[in-house]
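Containing TSV, C-alpha atoms and all ligand atoms: protein_37.tsv.
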chain	number	residue	atom	x	y	z
A	12	MET	CA	20.83	171.31	-10.92
A	13	THR	CA	18.98	174.61	-11.12
A	14	LEU	CA	19.47	176.40	-14.40
A	15	LEU	CA	21.97	179.26	-14.51
A	16	LYS	CA	20.22	182.57	-15.12
A	17	ILE	CA	21.59	184.45	-18.10
A	18	GLY	CA	20.97	188.10	-19.00
A	19	VAL	CA	21.68	189.02	-22.61
A	20	ILE	CA	22.58	192.59	-23.61
A	21	GLY	CA	22.41	193.20	-27.37
A	22	LEU	CA	19.95	191.24	-29.50
A	23	GLY	CA	21.38	191.53	-33.00
A	24	ALA	CA	22.75	188.81	-35.29
A	25	ILE	CA	25.12	187.25	-32.77
A	26	GLY	CA	23.04	187.95	-29.67
A	27	GLU	CA	20.22	185.91	-31.19
A	28	ARG	CA	22.61	183.12	-32.12
A	29	LEU	CA	23.90	182.78	-28.56
A	30	ILE	CA	20.38	183.02	-27.13
A	31	GLN	CA	19.55	179.91	-29.13
A	32	ALA	CA	22.61	178.19	-27.66
A	33	PHE	CA	21.77	179.24	-24.08
A	34	THR	CA	18.18	178.09	-24.58
A	35	ALA	CA	19.26	174.73	-25.97
A	36	HIS	CA	21.86	174.10	-23.24
A	37	LYS	CA	20.70	171.87	-20.41
A	38	ASN	CA	22.22	174.06	-17.69
A	39	THR	CA	21.30	177.60	-18.76
A	40	GLU	CA	18.22	179.72	-19.33
A	41	VAL	CA	17.90	183.29	-20.57
A	42	THR	CA	15.86	185.12	-17.93
A	43	ALA	CA	16.16	188.72	-19.15
A	44	VAL	CA	17.13	190.57	-22.31
A	45	VAL	CA	18.22	194.11	-23.14
A	46	ASP	CA	18.36	196.10	-26.32
A	47	THR	CA	18.27	199.86	-26.85
A	48	ASN	CA	15.89	198.98	-29.67
A	49	LYS	CA	12.73	198.48	-27.56
A	50	GLU	CA	10.81	196.57	-30.23
A	51	ARG	CA	13.65	194.11	-30.55
A	52	ALA	CA	13.85	193.65	-26.79
A	53	MET	CA	10.09	193.20	-26.45
A	54	SER	CA	9.83	190.76	-29.31
A	55	MET	CA	12.75	188.63	-28.07
A	56	ALA	CA	11.31	188.59	-24.54
A	57	LYS	CA	8.01	187.36	-25.98
A	58	LYS	CA	9.76	184.72	-28.07
A	59	LEU	CA	11.47	183.46	-24.93
A	60	GLY	CA	8.13	182.94	-23.22
A	61	GLY	CA	7.71	186.31	-21.54
A	62	VAL	CA	11.06	186.89	-19.84
A	63	HIS	CA	11.86	190.37	-18.52
A	64	TRP	CA	13.12	192.93	-21.02
A	65	TYR	CA	14.83	196.31	-20.71
A	66	ALA	CA	15.98	199.06	-23.04
A	67	ASN	CA	18.91	199.96	-20.79
A	68	HIS	CA	21.45	197.58	-19.29
A	69	LYS	CA	21.58	199.56	-16.02
A	70	GLU	CA	17.95	198.64	-15.38
A	71	LEU	CA	18.75	194.99	-15.97
A	72	LEU	CA	21.60	195.15	-13.47
A	73	ALA	CA	19.42	196.96	-10.91
A	74	ASN	CA	16.49	194.56	-11.15
A	75	GLU	CA	17.64	191.05	-12.01
A	76	GLU	CA	19.41	188.27	-10.09
A	77	LEU	CA	21.74	186.80	-12.68
A	78	ASP	CA	24.50	184.21	-12.78
A	79	LEU	CA	26.01	185.54	-16.00
A	80	VAL	CA	25.66	188.46	-18.36
A	81	TYR	CA	26.43	188.06	-22.05
A	82	ILE	CA	27.38	191.27	-23.89
A	83	ALA	CA	26.65	191.32	-27.63
A	84	VAL	CA	26.42	195.04	-28.34
A	85	PRO	CA	28.60	196.69	-31.02
A	86	PRO	CA	32.30	197.00	-30.05
A	87	LYS	CA	32.30	200.65	-29.01
A	88	PHE	CA	29.75	199.92	-26.27
A	89	HIS	CA	31.50	196.85	-24.82
A	90	HIS	CA	33.59	198.86	-22.37
A	91	ALA	CA	30.83	200.97	-20.78
A	92	VAL	CA	28.46	198.03	-20.42
A	93	ALA	CA	31.14	195.61	-19.18
A	94	ILE	CA	32.41	197.99	-16.49
A	95	ASP	CA	28.87	198.23	-15.07
A	96	VAL	CA	28.53	194.44	-15.05
A	97	ILE	CA	31.93	194.02	-13.40
A	98	GLU	CA	30.96	196.57	-10.72
A	99	LYS	CA	27.94	194.42	-9.94
A	100	GLY	CA	30.23	191.40	-9.54
A	101	ILE	CA	28.40	189.27	-12.11
A	102	HIS	CA	30.21	186.72	-14.28
A	103	LEU	CA	30.63	187.98	-17.81
A	104	LEU	CA	30.83	186.64	-21.34
A	105	CYS	CA	31.81	189.35	-23.83
A	106	GLU	CA	31.79	189.37	-27.58
A	107	LYS	CA	34.98	189.92	-29.50
A	108	PRO	CA	36.79	192.22	-30.09
A	109	LEU	CA	37.10	192.84	-26.36
A	110	ALA	CA	36.89	196.61	-26.81
A	111	ASN	CA	37.30	199.46	-29.25
A	112	SER	CA	40.75	200.59	-28.07
A	113	LEU	CA	43.69	199.20	-26.17
A	114	GLU	CA	43.01	201.48	-23.20
A	115	GLU	CA	39.45	200.20	-22.90
A	116	ALA	CA	40.58	196.59	-23.27
A	117	LYS	CA	43.23	197.01	-20.58
A	118	GLU	CA	40.79	198.54	-18.12
A	119	MET	CA	38.18	195.85	-18.77
A	120	TYR	CA	40.72	193.09	-18.20
A	121	GLU	CA	42.18	194.66	-15.06
A	122	ARG	CA	38.82	195.48	-13.52
A	123	ALA	CA	37.42	192.01	-14.26
A	124	LYS	CA	40.49	190.38	-12.71
A	125	GLN	CA	40.30	192.58	-9.61
A	126	GLY	CA	36.55	191.93	-9.35
A	127	GLY	CA	37.20	188.18	-9.12
A	128	ILE	CA	34.51	187.36	-11.68
A	129	ILE	CA	34.69	184.87	-14.52
A	130	HIS	CA	35.50	186.91	-17.61
A	131	ALA	CA	35.18	184.97	-20.85
A	132	MET	CA	35.36	185.87	-24.52
A	133	ASN	CA	33.35	184.41	-27.38
A	134	PHE	CA	36.09	183.21	-29.71
A	135	PRO	CA	34.25	180.25	-31.29
A	136	LEU	CA	37.27	178.83	-33.17
A	137	ASN	CA	38.65	177.63	-29.84
A	138	TYR	CA	35.80	175.14	-29.59
A	139	SER	CA	35.70	174.08	-33.24
A	140	SER	CA	36.79	170.66	-34.30
A	141	PRO	CA	38.69	171.77	-37.46
A	142	ALA	CA	40.62	174.48	-35.59
A	143	ASN	CA	41.50	172.08	-32.77
A	144	THR	CA	42.59	169.42	-35.26
A	145	PHE	CA	44.70	172.10	-36.99
A	146	GLU	CA	46.43	172.75	-33.67
A	147	LYS	CA	46.85	169.05	-32.91
A	148	LEU	CA	48.43	168.33	-36.31
A	149	ILE	CA	50.77	171.33	-35.98
A	150	LYS	CA	51.87	170.09	-32.56
A	151	GLN	CA	52.31	166.53	-33.88
A	152	GLY	CA	54.69	167.88	-36.52
A	153	TYR	CA	52.47	167.43	-39.62
A	154	ILE	CA	54.07	170.45	-41.34
A	155	GLY	CA	57.54	170.09	-39.79
A	156	ASN	CA	58.97	173.44	-38.78
A	157	LEU	CA	56.83	176.47	-39.50
A	158	ARG	CA	58.23	178.60	-42.35
A	159	LYS	CA	55.36	181.03	-42.88
A	160	LEU	CA	51.88	181.68	-41.55
A	161	GLU	CA	49.34	183.43	-43.72
A	162	LEU	CA	45.84	184.78	-43.15
A	163	SER	CA	44.09	185.61	-46.37
A	164	MET	CA	40.63	187.22	-46.27
A	165	ASN	CA	38.63	187.83	-49.46
A	166	PHE	CA	35.22	189.44	-49.11
A	167	PRO	CA	33.18	190.17	-52.24
A	168	ASN	CA	30.83	192.03	-49.89
A	169	TRP	CA	31.76	193.84	-46.73
A	170	PRO	CA	29.58	193.95	-44.73
A	171	ARG	CA	28.64	190.35	-45.39
A	172	LEU	CA	25.04	189.80	-46.40
A	173	TRP	CA	24.12	188.19	-43.07
A	174	GLN	CA	25.56	191.00	-40.95
A	175	GLN	CA	24.00	194.19	-42.29
A	176	ASN	CA	24.03	196.86	-39.58
A	177	ASP	CA	25.03	200.48	-39.14
A	178	TRP	CA	28.51	199.93	-37.69
A	179	VAL	CA	30.32	196.95	-39.23
A	180	ALA	CA	31.30	198.84	-42.39
A	181	GLY	CA	32.27	201.98	-40.47
A	182	ARG	CA	35.81	203.04	-39.62
A	183	GLU	CA	35.06	203.80	-35.99
A	184	GLN	CA	34.31	200.25	-34.84
A	185	GLY	CA	33.92	198.11	-37.95
A	186	GLY	CA	36.01	196.61	-40.72
A	187	PHE	CA	37.08	193.04	-41.39
A	188	VAL	CA	40.44	193.41	-39.68
A	189	LEU	CA	38.67	193.98	-36.38
A	190	GLU	CA	35.64	191.81	-37.00
A	191	VAL	CA	37.22	188.74	-38.61
A	192	GLY	CA	40.97	189.22	-38.16
A	193	VAL	CA	40.61	189.11	-34.38
A	194	HIS	CA	39.58	185.43	-34.44
A	195	PHE	CA	42.76	184.39	-36.23
A	196	ILE	CA	45.01	186.70	-34.25
A	197	GLN	CA	43.75	185.09	-31.05
A	198	LEU	CA	44.06	181.58	-32.56
A	199	THR	CA	47.61	182.35	-33.64
A	200	GLN	CA	48.55	183.57	-30.17
A	201	ARG	CA	47.05	180.44	-28.69
A	202	ILE	CA	48.75	177.96	-31.06
A	203	PHE	CA	52.01	179.63	-31.98
A	204	GLY	CA	52.63	182.14	-29.18
A	205	GLU	CA	53.50	185.80	-29.18
A	206	ILE	CA	52.94	187.89	-32.32
A	207	THR	CA	55.16	190.82	-33.24
A	208	HIS	CA	53.75	193.45	-35.58
A	209	LEU	CA	56.34	194.74	-38.06
A	210	ASN	CA	54.32	196.95	-40.36
A	211	SER	CA	50.99	197.12	-42.14
A	212	VAL	CA	49.17	199.14	-44.74
A	213	LEU	CA	45.43	199.65	-44.96
A	214	GLU	CA	43.55	200.50	-48.13
A	215	LEU	CA	41.01	203.11	-47.01
A	216	PRO	CA	38.15	204.66	-48.95
A	217	GLU	CA	38.13	208.43	-49.34
A	218	ASP	CA	35.02	208.62	-47.20
A	219	GLU	CA	36.57	208.75	-43.73
A	220	SER	CA	33.52	207.21	-42.13
A	221	LYS	CA	34.02	203.95	-44.08
A	222	CYS	CA	36.23	201.05	-42.99
A	223	GLU	CA	39.22	199.57	-44.80
A	224	THR	CA	38.83	197.74	-48.09
A	225	GLY	CA	42.26	196.16	-47.91
A	226	VAL	CA	45.08	195.28	-45.53
A	227	ILE	CA	48.57	193.94	-45.92
A	228	GLY	CA	50.24	193.24	-42.62
A	229	SER	CA	53.70	191.93	-42.00
A	230	LEU	CA	54.03	190.27	-38.61
A	231	GLU	CA	56.06	187.53	-36.96
A	232	VAL	CA	55.37	184.62	-34.66
A	233	ASN	CA	58.50	183.65	-32.80
A	234	GLY	CA	60.60	185.14	-35.58
A	235	THR	CA	58.67	183.36	-38.38
A	236	PRO	CA	56.83	185.53	-40.95
A	237	PHE	CA	53.07	185.95	-40.52
A	238	LEU	CA	51.37	187.66	-43.44
A	239	ILE	CA	47.89	189.13	-43.16
A	240	ASN	CA	46.41	189.84	-46.54
A	241	GLY	CA	42.80	191.00	-46.87
A	242	ILE	CA	40.64	192.68	-49.49
A	243	SER	CA	36.94	193.44	-49.89
A	244	GLN	CA	34.57	194.61	-52.64
A	245	ILE	CA	35.98	192.16	-55.20
A	246	ALA	CA	34.66	189.64	-57.70
A	247	GLY	CA	34.31	186.01	-56.79
A	248	SER	CA	33.41	184.22	-53.59
A	249	GLU	CA	34.19	184.91	-49.98
A	250	ARG	CA	37.23	182.95	-48.85
A	251	ILE	CA	39.09	183.04	-45.58
A	252	ALA	CA	42.18	180.86	-45.44
A	253	TYR	CA	44.53	180.49	-42.49
A	254	THR	CA	47.56	178.58	-43.72
A	255	ALA	CA	50.69	177.26	-42.06
A	256	TYR	CA	53.55	176.45	-44.46
A	257	GLY	CA	56.20	174.16	-42.99
A	258	THR	CA	59.36	172.33	-43.92
A	259	GLU	CA	57.38	169.10	-44.43
A	260	GLY	CA	53.88	170.17	-45.44
A	261	THR	CA	51.08	172.70	-45.55
A	262	LEU	CA	47.94	172.93	-43.44
A	263	SER	CA	44.99	175.28	-43.99
A	264	LEU	CA	41.85	176.15	-42.12
A	265	VAL	CA	39.53	177.36	-44.87
A	266	ASP	CA	36.26	179.24	-44.43
A	267	TRP	CA	36.27	178.58	-40.68
A	268	GLY	CA	35.24	174.94	-40.84
A	269	LYS	CA	37.25	173.13	-43.53
A	270	LEU	CA	40.66	171.66	-42.80
A	271	GLU	CA	42.93	170.75	-45.70
A	272	GLY	CA	46.58	170.01	-46.17
A	273	GLY	CA	49.31	167.93	-47.74
A	274	LYS	CA	52.88	166.81	-47.35
A	275	LEU	CA	55.64	168.13	-49.61
A	276	GLY	CA	55.25	166.69	-53.10
A	277	GLU	CA	51.54	165.90	-52.56
A	278	GLY	CA	48.41	167.82	-53.52
A	279	ILE	CA	46.24	169.59	-50.97
A	280	GLN	CA	43.45	167.29	-49.74
A	281	PRO	CA	40.60	167.68	-47.26
A	282	ILE	CA	41.50	166.42	-43.80
A	283	HIS	CA	38.90	164.67	-41.69
A	284	THR	CA	38.53	166.25	-38.26
A	285	THR	CA	37.87	163.98	-35.35
A	286	GLU	CA	38.34	166.09	-32.24
A	287	ILE	CA	35.57	165.86	-29.70
A	288	GLN	CA	33.73	169.16	-29.48
A	289	SER	CA	32.80	170.80	-26.23
A	290	THR	CA	31.08	174.10	-26.46
A	291	LEU	CA	31.86	177.48	-24.99
A	292	LEU	CA	28.72	177.13	-22.88
A	293	ASP	CA	29.89	173.78	-21.44
A	294	HIS	CA	33.08	175.50	-20.31
A	295	LEU	CA	31.22	178.54	-18.95
A	296	VAL	CA	28.93	176.32	-16.90
A	297	ALA	CA	31.94	174.35	-15.63
A	298	ALA	CA	33.72	177.58	-14.65
A	299	ILE	CA	30.68	178.90	-12.77
A	300	GLU	CA	30.40	175.55	-10.95
A	301	GLY	CA	34.08	175.81	-10.00
A	302	LYS	CA	35.04	172.87	-12.23
A	303	GLU	CA	37.93	172.52	-14.64
A	304	ASN	CA	37.30	174.46	-17.83
A	305	ARG	CA	38.89	175.90	-20.93
A	306	LEU	CA	37.75	179.48	-21.25
A	307	TYR	CA	39.49	182.25	-23.16
A	308	THR	CA	39.46	185.31	-20.98
A	309	PHE	CA	39.74	189.07	-21.18
A	310	LYS	CA	43.51	188.51	-21.04
A	311	ASP	CA	43.25	186.72	-24.41
A	312	GLY	CA	40.96	189.51	-25.64
A	313	TYR	CA	43.50	192.10	-24.51
A	314	ASP	CA	46.45	190.30	-26.13
A	315	ALA	CA	44.59	190.13	-29.44
A	316	GLN	CA	43.62	193.81	-29.13
A	317	VAL	CA	47.30	194.81	-28.87
A	318	ILE	CA	47.88	193.44	-32.39
A	319	LEU	CA	44.51	194.61	-33.74
A	320	GLU	CA	45.16	198.20	-32.78
A	321	LYS	CA	48.56	198.10	-34.54
A	322	LEU	CA	46.90	196.73	-37.68
A	323	ARG	CA	44.15	199.34	-37.48
A	324	ALA	CA	46.48	202.27	-36.90
A	325	ILE	CA	46.26	204.74	-39.76
B	401	LIG	N1	31.96	185.80	-31.95
B	401	LIG	C1	31.56	185.90	-33.20
B	401	LIG	O1	31.76	184.99	-34.00
B	401	LIG	C2	30.87	187.15	-33.64
B	401	LIG	C3	30.18	187.20	-34.87
B	401	LIG	C4	29.52	188.39	-35.22
B	401	LIG	C5	29.56	189.49	-34.36
B	401	LIG	N2	30.27	189.41	-33.19
B	401	LIG	C6	30.34	190.56	-32.27
B	401	LIG	O2	29.11	190.67	-31.58
B	401	LIG	C7	28.79	192.02	-31.32
B	401	LIG	C8	27.43	192.34	-31.91
B	401	LIG	O3	27.46	192.09	-33.30
B	401	LIG	P1	26.11	191.93	-34.16
B	401	LIG	O4	26.52	191.54	-35.52
B	401	LIG	O5	25.14	191.08	-33.43
B	401	LIG	O6	25.62	193.46	-34.15
B	401	LIG	P2	24.15	194.02	-34.38
B	401	LIG	O7	24.30	195.44	-34.75
B	401	LIG	O8	23.37	193.09	-35.28
B	401	LIG	O9	23.46	193.91	-32.94
B	401	LIG	C9	23.81	194.71	-31.87
B	401	LIG	C10	22.57	194.96	-31.04
B	401	LIG	O10	22.94	195.71	-29.88
B	401	LIG	C11	21.97	196.73	-29.66
B	401	LIG	N3	22.64	197.77	-28.88
B	401	LIG	C12	23.50	198.73	-29.31
B	401	LIG	N4	23.97	199.44	-28.27
B	401	LIG	C13	23.39	198.92	-27.16
B	401	LIG	C14	23.49	199.21	-25.78
B	401	LIG	N5	24.29	200.17	-25.33
B	401	LIG	N6	22.76	198.49	-24.92
B	401	LIG	C15	21.94	197.50	-25.35
B	401	LIG	N7	21.81	197.16	-26.66
B	401	LIG	C16	22.53	197.87	-27.54
B	401	LIG	C17	21.51	197.15	-31.04
B	401	LIG	O11	20.25	197.77	-31.01
B	401	LIG	C18	21.49	195.78	-31.76
B	401	LIG	O12	20.25	195.13	-31.63
B	401	LIG	C19	29.95	192.83	-31.89
B	401	LIG	O13	30.88	193.08	-30.90
B	401	LIG	C20	30.54	191.90	-32.94
B	401	LIG	O14	31.90	192.16	-33.17
B	401	LIG	C21	30.87	188.27	-32.82

Please lay out the structure from this file as structure tokens.
Ligand SMILES: NC(=O)c1ccc[n+]([C@@H]2O[C@H](COP(=O)([O-])OP(=O)(O)OC[C@H]3O[C@@H](n4cnc5c(N)ncnc54)[C@H](O)[C@@H]3O)[C@@H](O)[C@H]2O)c1
Amino acid sequence: MTLLKIGVIGLGAIGERLIQAFTAHKNTEVTAVVDTNKERAMSMAKKLGGVHWYANHKELLANEELDLVYIAVPPKFHHAVAIDVIEKGIHLLCEKPLANSLEEAKEMYERAKQGGIIHAMNFPLNYSSPANTFEKLIKQGYIGNLRKLELSMNFPNWPRLWQQNDWVAGREQGGFVLEVGVHFIQLTQRIFGEITHLNSVLELPEDESKCETGVIGSLEVNGTPFLINGISQIAGSERIAYTAYGTEGTLSLVDWGKLEGGKLGEGIQPIHTTEIQSTLLDHLVAAIEGKENRLYTFKDGYDAQVILEKLRAI
């Protein structure tokens, strides 16, 4: 088959990561790139063998024939860029969080649906073997009935050392609740169903431009407690643990990729994960070819945003 032509908008840490994936995939090629930072756009275009580059996404949309646009700009620009892509009728992959407010997220979802385009989100946990094994074991009754769900996020450094930029530690569009919490909120909605937000408290620095340094959120999934407990600027190592406590056992997804658990009366042990992995790009290609696929859409992005905005509310 001919390769699907991908345009990438936003060439930072994650944009580069996905460019590598598009380049390595047998069905896709990146044919144009955009970044408001011209040097970055030029240098990426060169690295990709001289593809077209732009400093403005509108020029990309005016000049390129594309099968898909991937948006990897900071969250507060998702909405404006996505609406332009949707108006052009081009399939769209958007970074999480979907938007920077519920209103923006709602409009993006509704416009994408009306436009009849494929609208996918990059929530990588959905395609990870440990997270899928977590879901499988939960559904097979490994923990019995769920008693409590807990997301614990410990960050000695926020922003993390690999994601140093001018927005991720800011209150306007950054913070670990938005940046990391969103993955587990979406995963929870997928595995356990609807989340209800009861109350939450943020620890906020005096400097109003800086994001939260702590969160304690009390939520429910189908009437079962869901605790979100996060803190940054602490001693020790980074640790993110998503744990389901049940009547018969405990199961944890630790640091994204490690699954561990045990039955009542046993210790916690690593659990080998055996699920077959298919990537987000495999599913995107399948969707574009009209084949069966498992994409998480702007609807999933919107549902997660509903909870995110309640957690972020000051
Ligand atoms: N899915 C994941 O696992 C994951 C991981 C990290 C980040 N993200 C998300 O990806 C997005 C980007 O994050 P990042 O860490 O790569 O940020 P970054 O700041 O490193 O990169 C963003 C890039 O976008 C460019 N940019 C800004 N506004 C633009 C615009 N209007 N048009 C074109 N380019 C523009 C910037 O110059 C920069 O190069 C964010 O939404 C973030 O939440 C997702």

(request) Measuring atom to atom with all atoms listed in the file, identify which of A:Leu160, A:Leu189, A:Ile97, A:Ile154 is nearest to ligand LIG 401 (chain B). (result)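 Checking each of A:Leu160, A:Leu189, A:Ile97, A:Ile154 against ligand LIG 401 (chain B), counting all atoms listed in the file, the winner is A:Leu189.
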
Give me, as JSON lines, the closest atom pair and its distance (Å, one decimal) for every residue of range 115-187 of chain A within a cut-off of 6 Å of range 302-321 of chain A, counting only C-alpha atoms, rows sorted by chain and rising number.
{"residue": "A:Ala116", "atom": "CA", "partner": "A:Tyr313", "partner_atom": "CA", "distance": 5.5}
{"residue": "A:Tyr120", "atom": "CA", "partner": "A:Phe309", "partner_atom": "CA", "distance": 5.1}
{"residue": "A:His130", "atom": "CA", "partner": "A:Thr308", "partner_atom": "CA", "distance": 5.4}
{"residue": "A:Ala131", "atom": "CA", "partner": "A:Thr308", "partner_atom": "CA", "distance": 4.3}
{"residue": "A:Met132", "atom": "CA", "partner": "A:Thr308", "partner_atom": "CA", "distance": 5.4}

(request) Determine the nearest neighbour of ligand LIG 401 (chain B) from the options A:Glu161, A:Glu40, A:Asp293, A:Glu190, counting all atoms listed in the file. (result)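 Counting all atoms listed in the file, the residue closest to ligand LIG 401 (chain B) is A:Glu190.
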
(request) Would you mind listing the residues within 7 Å of ligand LIG 401 (chain B), counting only C-alpha atoms and all ligand atoms, as number ranges by chain? (result) A: 20-26, 45-48, 51, 66-68, 83-86, 88, 92, 106-108, 133-135, 174, 176-178, 190

(message) To one decimal place in Å, what is the distance between CA of Met55 in chain A and CA of His90 in chain A?
(response)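 So the two atoms, CA of Met55 in chain A and CA of His90 in chain A, lie 23.9 Å apart.
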
(request) Rounded to one decimal place, report the CA of Phe195 in chain A-CA of Ile149 in chain A distance in Å. (result) 15.3 Å

(message) Ranking A:Ser229, A:Met119, A:Leu291, A:Thr144 by minimum distance to Phe33 in chain A and counting all atoms listed in the file, which one comes first?
(response)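 The closest residue to Phe33 in chain A is A:Leu291.
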
Could you list, with a cut-off of 12 Å and counting all atoms listed in the file, the residues of range 160-243 of chain A near range 265-278 of chain A, each shown with its nearest atom pair and the distance in Å rounded to one decimal, rows sorted by chain and ascending number, as a Markdown table?
| residue | atom | partner | partner_atom | distance |
| --- | --- | --- | --- | --- |
| A:Glu161 | CA | A:Val265 | CA | 11.6 |
| A:Leu162 | CA | A:Val265 | CA | 9.9 |
| A:Ser163 | CA | A:Val265 | CA | 9.5 |
| A:Met164 | CA | A:Asp266 | CA | 9.3 |
| A:Asn165 | CA | A:Asp266 | CA | 10.2 |
| A:Phe166 | CA | A:Asp266 | CA | 11.3 |
| A:Val191 | CA | A:Trp267 | CA | 10.4 |
| A:Gly192 | CA | A:Trp267 | CA | 11.9 |
| A:His194 | CA | A:Trp267 | CA | 9.8 |
| A:Phe195 | CA | A:Trp267 | CA | 9.8 |
| A:Leu198 | CA | A:Trp267 | CA | 11.6 |

(message) From the options A:Ile251, A:Ala110, A:Ile196, A:Ala324, which residue's atoms come nearest to Arg182 in chain A, counting all atoms listed in the file?
(response)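 Ranking A:Ile251, A:Ala110, A:Ile196, A:Ala324 by distance to Arg182 in chain A, first place goes to A:Ala324.
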
Taking all atoms of range 105-109 of chain A that the file lists, what box with edges along x, y and z, padded by 8 Å per side, do you get, with centre and edge lengths in Å to one decimal, as JSON?
{"center_x": 34.4, "center_y": 191.1, "center_z": -27.0, "size_x": 21.3, "size_y": 19.5, "size_z": 22.3}

(request) Can you work out which one of A:Ala246, A:Leu136, A:Ala43, A:Ile17 has the shortest atom-to-atom distance to Asn74 in chain A, counting only C-alpha atoms? (result)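 Closest candidate: A:Ala43.
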
(message) To one decimal place in Å, what is the distance between CA of Trp64 in chain A and CA of Leu29 in chain A?
(response)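 Computed distance, CA of Trp64 in chain A to CA of Leu29 in chain A, equals 16.6 Å.
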
(request) Would you list the contacts of Gly155 in chain A as a list in words, taking every protein, DNA or RNA residue within 6 Å and counting all atoms listed in the file, but skipping same-chain residues closer than 4 positions in sequence? (result)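 Result of the neighbour search: Gly257, Thr258 and Glu259 of chain A.
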
(request) Would you please work out which residue, of A:Leu213, A:Ser263, A:Asp218, A:Arg158, is nearest to Glu231 in chain A when using all atoms listed in the file? (result)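 Selected residue with least distance to Glu231 in chain A: A:Arg158.
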
In the coordinate frame of the file, compute which residues have an atom within 8 Å of (36.7, 166.1, -36.2) when using only C-alpha atoms, and state them as a PDB file with C-alpha atoms, in the frame of the given file.
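This went into point.pdb:
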ATOM      1  CA  SER A 140      36.790 170.660 -34.300  1.00  0.00           C
ATOM      2  CA  PRO A 141      38.690 171.770 -37.460  1.00  0.00           C
ATOM      3  CA  THR A 144      42.590 169.420 -35.260  1.00  0.00           C
ATOM      4  CA  HIS A 283      38.900 164.670 -41.690  1.00  0.00           C
ATOM      5  CA  THR A 284      38.530 166.250 -38.260  1.00  0.00           C
ATOM      6  CA  THR A 285      37.870 163.980 -35.350  1.00  0.00           C
ATOM      7  CA  GLU A 286      38.340 166.090 -32.240  1.00  0.00           C
ATOM      8  CA  ILE A 287      35.570 165.860 -29.700  1.00  0.00           C
ATOM      9  CA  GLN A 288      33.730 169.160 -29.480  1.00  0.00           C
TER      10      GLN A 288
END

(request) Just give me the residues with any atom within 12 Å of (36.8, 191.2, -8.8), file coordinates, counting only C-alpha atoms, written as a list in words. (result) Ile94, Val96, Ile97, Glu98, Lys99, Gly100, Ile101, His102, Leu103, Met119, Tyr120, Glu121, Arg122, Ala123, Lys124, Gln125, Gly126, Gly127, Ile128, Ile129 and His130 of chain A

(message) Need the shell around Asn38 in chain A: protein/DNA/RNA residues with any atom at most 10 Å away, counting all atoms listed in the file. Skip same-chain ones fewer than 2 positions apart. Format as a PyMOL selection string?
(response) chain A and resi 12-16+33-36+40+292-293+296-297
